[in-house]
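Colleague: Have a look at this one.
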Amino acid sequence: MIQKDEIRQVLESAKALGIEFAELFFEDREETNIPCIETVIQGVKSLRICGAGLYLIQGLSNVYLYTNQVTKEALLDLVKKGAEMLEIKARAAAAGIVLTEKSYHNPCPVVKYPSQISNQDKINVLLEADKAARSAGVNVRSLNVNYFDTDQRVLIANTEGLYTTDRRVTTRMRMQAVVADGDSAYGTWDDYTKASGFEAYDDELSYTSFAKDMVKRADRIRTAGSISPCTVPVVLAAGGCGTLWHESCGHSLEAIAIAHRSSAFVDKIGEKVASDKVTLVDDGTLPGQYGSAAIDDEGHPMQRNILIENGVLKSYMCDRYYGKLLGMESTGSGRRQNYTYAPVSRMTNTCLAEGSDDEDEIVRSVDNGLYVESIGGGFGGMQFSLEVKEGFWIKNGQIDRDHQVKNIMLTGNGIDVIKRIDRVGKKMKYEKGGFCGASSGLIPTTTPQPMVRISHMAIG
């Protein structure tokens, strides 16, 4: 591994070439994947990825270069190429850089690192989950289970003297199933994710219950009916339904969208943009959550960012570069999938804060509407669309569990929908977490929330 003094020399070379700001991002990542297809283990796939990225900022311009040759010579070469790409002509006087080590609290401590666990123990977890799903009393026509773990070590240093490290460990089990009865079949998938080491599987009941519940839910959805497009009140269950916030306004509150003026929230800080019931937070410090870490991928400590408070827009999520374009400081939101991506402003754990409404009363307040138990994929921006994975009709203030519906999309304009939030429950529910894909790759996020009522929304 490259030494601290060599890192300093590379950064000093950037300053000597007249570059305003330079950052080095080093990554050493180990990954394991074990597929189990129809009860048969397909082998163990292990991968180690090492590399470094160089981020240069000059005025309003930036350049990102990367290499898997983590040597001083390779990085000095990148600095020269970057300076040429930025067309820097004037050299600066030689200036020394003092790298000061900083460390921050890790909200996701690890007990059992994946590298300390035998492959057989990991295989046993797969087989137990497979067995549990097949014993759930549902006709499982097809079932694939995949085990994943990741152990990422990062080191970040820059010309301002920052020098910090972080270690992020996650484990995940993905289940893909097809349930059937005669000619009627339904396929689905779900992830059991943890921002932890192998201790995620200490409680066998937790992941075997997940496996059983997934196929049972799939069988319920298989027999669900459909509905005609309409506009009705919508109640979103506490938990993963917070995906609504991620897609309807989360991406639009990232500094990259604001700087590109592709967001409805441009120039609206201090203005009323949502219902009084809405306080929206992005918090990368939440203990044990999939989107949490000690630092972002620019070395800034993760923090709790209040984006909207009582309906008033307070802040954006900022990385260094796009924050600079907006005249704002970093909010610890610079994130990337790996060393091949430049960091940009991204979400972490984005959630609607708890309200004061009773959950039972929220449901009772709806005579005829939709209750959304879980949300699948979607796409966001000013216009968003979300798949309802599991939904039920509400009749006369009660959830009709015998009237389940499927093949439904929630659609709308984000800034309009958040103005129609008229009930927010008292109880926050956290969820497993997943991945968000955008310009800096796939990153882990979560979307927890309390129960929410939207006065009316287009569904179909």
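Chain identifiers are assigned as A, B, and so on, following the order in which chains appear in the structure tokens; residues are numbered from 1 within each chain, and ligands are numbered from 1 in order of appearance.
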Write out as a list in words the residues lying within 9 Å of Gly291 in chain A, counting only C-alpha atoms and excluding same-chain residues fewer than 3 positions away.

Modeller: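 Here the answer would be Ala195, Asp283, Gly284, Thr285, Leu286, Gly288, Met347, Thr348, Asn349, Thr350, Gly433, Gly434, Phe435, Ile443, Pro444, Thr445 and Thr446 of chain A.
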
Colleague: May I have all residues of range 96-282 of chain A that DSSP, computed from the backbone, assigns to strand (DSSP E), given as a VMD selection string?

Modeller: chain A and resid 100 to 102 140 to 158 162 to 181 184 to 194 230 to 236 280 to 282

Colleague: Mind dumping a table of every range 140-201 of chain A residue within 8 Å of range 221-224 of chain A, with the nearest atom pair and its distance in Å to one decimal, using only C-alpha atoms, sorted by chain and rising number, as JSON lines?

Modeller:
{"residue": "A:Val179", "atom": "CA", "partner": "A:Arg222", "partner_atom": "CA", "distance": 7.8}
{"residue": "A:Ala180", "atom": "CA", "partner": "A:Arg222", "partner_atom": "CA", "distance": 7.8}
{"residue": "A:Ser184", "atom": "CA", "partner": "A:Arg222", "partner_atom": "CA", "distance": 7.2}
{"residue": "A:Ala185", "atom": "CA", "partner": "A:Arg222", "partner_atom": "CA", "distance": 6.3}
{"residue": "A:Tyr186", "atom": "CA", "partner": "A:Arg222", "partner_atom": "CA", "distance": 5.2}

Colleague: Which residues of range 169-221 of chain A sit at most 12 Å from range 364-385 of chain A, using only C-alpha atoms? Give each one's shortest atom pair and distance in Å (one decimal place), in chain and ascending residue order, as a tab-separated table.

Modeller:
residue	atom	partner	partner_atom	distance
A:Thr188	CA	A:Gly376	CA	10.1
A:Trp189	CA	A:Gly376	CA	9.9
A:Asp190	CA	A:Gly376	CA	9.5
A:Asp191	CA	A:Gly376	CA	11.6
A:Met214	CA	A:Ser374	CA	11.9
A:Arg217	CA	A:Ser374	CA	10.6
A:Ile221	CA	A:Ser374	CA	11.5

Colleague: Quick one, how far is CA of Ser315 in chain A from CA of Val266 in chain A?

Modeller: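 Between CA of Ser315 in chain A and CA of Val266 in chain A the gap works out to 10.9 Å.
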
Colleague: To one decimal place, how far is CA of Pro107 in chain A from CA of Phe21 in chain A in Å?

Modeller: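 About the pair CA of Pro107 in chain A and CA of Phe21 in chain A: they are 29.2 Å apart.
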